[in-house]
Each structure stands twice: as structure tokens, then as C-alpha cells.
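Peer 1: Pasting a structure below so you can have a look.
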Amino acid sequence: MSTITFNRIDAKGPGASGLNPALHDPADVILEGAKAPHALNAFSDATNMLSAGVWQCDAGTLKLADLPIHEVCVLIEGEVVITSDDGRSDRYAAGDAFILHKGFSGTWHMPVATKKYSIVYCG
């Protein structure tokens with residue numbers, strides 16, 4: 001008989017204690033603001049190919065180049081404007097879900113502080 005396990009990803013951190021200070025991905029370039037990212041890694045599989053958690057940051061803009069992962073994002077708070085290098089742009093607000101595909105290049109603009117659930121696949 002297999003055991004099914006589960007756990008809650010608490011957007012306020014474990015026991016509502018807050019998220020830990022984090023670093024931006026080394027490939028991300030800060031263009032403006034975005035000085036205080038915080039995160040919680042709630043799950044990583046044994047191969048570190050799949051992870052899930054929460055990420056938050058103050059307002060600002062990041063330049064992403066040739067994103068090395070696929071990422072599913074669900075905004076909890078704030079908003080994000082994603083603009084690809086070819087000029088395609090879309091705005092997402094709290095409650096919206098979207099996918100950043102591996103290879104994406106463009107900007108991630110947060111006009112206000114933003115928090116998201118994140119599922120990352122490194123394959």
C-alpha cells in the first residue's frame with residue numbers, strides 16, 4: 001500500500017513567521033528596484049528538477065535572459081507586466097496564473113510589491 005502525503009504551502013511562511021531573505025537568480029539582471037526578494041521553498045523532488053514555493057519582492061524590474069526553467073506562477077498579491085524581447089506584453093494581477101516558458105527573454109516588471117506561488121520545472 002502506498003502512502004499519499006501532502007503539505008500546505010503557506011504564503012506567510014511556516015507558522016506565518018514570514019518568508020526568508022533570498023537572492024535573485026544569478027541570470028536575472030536588476031534594472032530598477034527589486035532589492036528585497038524573499039522566498040520559501042516548500043518542496044523539491046529528489047532530483048531537484050521540480051520545486052514549489054512562494055516568492056515575493058518589492059516593486060521593480062528584472063531583465064530575464066534565456067530562462068533556464070519552465071515556471072508556473074500564481075499571483076497572490078500585486079501585479080506583474082511581462083514583456084518579451086519581441087515586444088509581446090501582458091499584465092497579470094492577484095489571482096491570475098501564467099507560465100514562463102524555458103528560453104524566455106524579456107522583462108519582469110512589478111509596479112508594486114508582488115507575491116506569487118511558483119512551481120518550477122528544470123527539465
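Chain labels A, B, ... are given in the sequence in which chains occur in the C-alpha cells; within each chain residues are numbered consecutively from 1, and ligands are likewise numbered from 1 in the order shown.
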Got a sec to tell me which of range 12-67 of chain A DSSP assigns to strand (DSSP E or B), as JSON, numbers by chain?

Peer 2: {"A": [20, 21, 29, 30, 31, 32, 33, 38, 39, 40, 41, 42, 43, 44, 50, 51, 52, 53, 54, 55, 56, 57, 60, 61, 62, 63, 64]}

Peer 1: As number ranges by chain, please: the residues near range 9-22 of chain A (cut-off 7 Å, only C-alpha atoms, same-chain neighbours under 4 positions excluded).

Peer 2: A: 37-40, 42, 53-54

Peer 1: CA of Leu31 in chain A and CA of Leu64 in chain A are how many Å apart?

Peer 2: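 Going from CA of Leu31 in chain A over to CA of Leu64 in chain A, I get 10.2 Å.
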
Peer 1: Might you pull out every residue within 6 Å of Thr83 in chain A, with only C-alpha atoms counted and same-chain residues fewer than 4 positions away left off, and present them as a ChimeraX atom specification?

Peer 2: /A:88-89,106-107

Peer 1: Counting only C-alpha atoms, figure out which residue out of A:Leu75, A:Asp90, A:His109, A:Ala46 gets nearest to Thr61 in chain A.

Peer 2: A:His109

Peer 1: Report as number ranges by chain all protein, DNA and RNA residues lying within 7 Å of Ile30 in chain A, evaluated on only C-alpha atoms, omitting residues in the same chain fewer than 3 positions from it.

Peer 2: A: 34, 61-63

Peer 1: Give the answer as one residue: which of A:Ile69, A:Met110, A:Ala93, A:Leu23 has the shortest atom-to-atom distance to Leu50 in chain A, using only C-alpha atoms?

Peer 2: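 Ranking A:Ile69, A:Met110, A:Ala93, A:Leu23 by distance to Leu50 in chain A, first place goes to A:Ile69.
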
Peer 1: Between A:Glu79, A:Asp66, A:Asp86, A:Asp25, which has the minimum distance to Lys115 in chain A (counting only C-alpha atoms)?

Peer 2: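 Checking each of A:Glu79, A:Asp66, A:Asp86, A:Asp25 against Lys115 in chain A, counting only C-alpha atoms, the winner is A:Glu79.
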
Peer 1: List the spatial neighbours of Leu67 in chain A as a PyMOL selection string - criterion: any atom at most 7 Å away, only C-alpha atoms, same-chain residues fewer than 5 positions off excluded.

Peer 2: chain A and resi 102-105

Peer 1: Please write the residues from the selection above to a file, keeping N, CA and C atoms, as an mmCIF file, in the first residue's frame.

Peer 2:
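Result file follows (again_34.cif):
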```cif
data_model
loop_
_atom_site.group_PDB
_atom_site.id
_atom_site.type_symbol
_atom_site.label_atom_id
_atom_site.label_comp_id
_atom_site.auth_asym_id
_atom_site.auth_seq_id
_atom_site.Cartn_x
_atom_site.Cartn_y
_atom_site.Cartn_z
ATOM 1 N N LYS A 102 10.645 27.965 -20.673
ATOM 2 C CA LYS A 102 12.090 27.868 -20.804
ATOM 3 C C LYS A 102 12.511 28.591 -22.083
ATOM 4 N N GLY A 103 13.566 29.391 -21.984
ATOM 5 C CA GLY A 103 14.053 30.140 -23.140
ATOM 6 C C GLY A 103 13.533 31.567 -23.208
ATOM 7 N N PHE A 104 12.560 31.926 -22.349
ATOM 8 C CA PHE A 104 12.008 33.281 -22.366
ATOM 9 C C PHE A 104 13.108 34.314 -22.141
ATOM 10 N N SER A 105 13.053 35.400 -22.897
ATOM 11 C CA SER A 105 13.910 36.564 -22.681
ATOM 12 C C SER A 105 13.029 37.800 -22.733
#
```

Peer 1: Select, from A:Gly95, A:Gln56, A:Tyr117, A:His101, the residue with the minimum atom-to-atom distance to Arg8 in chain A, counting only C-alpha atoms.

Peer 2: A:Tyr117

Peer 1: Which residue is closest to Tyr121 in chain A? Choose from A:Ala59, A:Ile82, A:Val74, A:Ile99 and count only C-alpha atoms.

Peer 2: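 Smallest distance to Tyr121 in chain A is found for A:Ile99.
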
Peer 1: Between CA of Thr47 in chain A and CA of Gly123 in chain A, what is the spacing in Å?

Peer 2: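 About the pair CA of Gly123 in chain A and CA of Thr47 in chain A: they are 10.5 Å apart.
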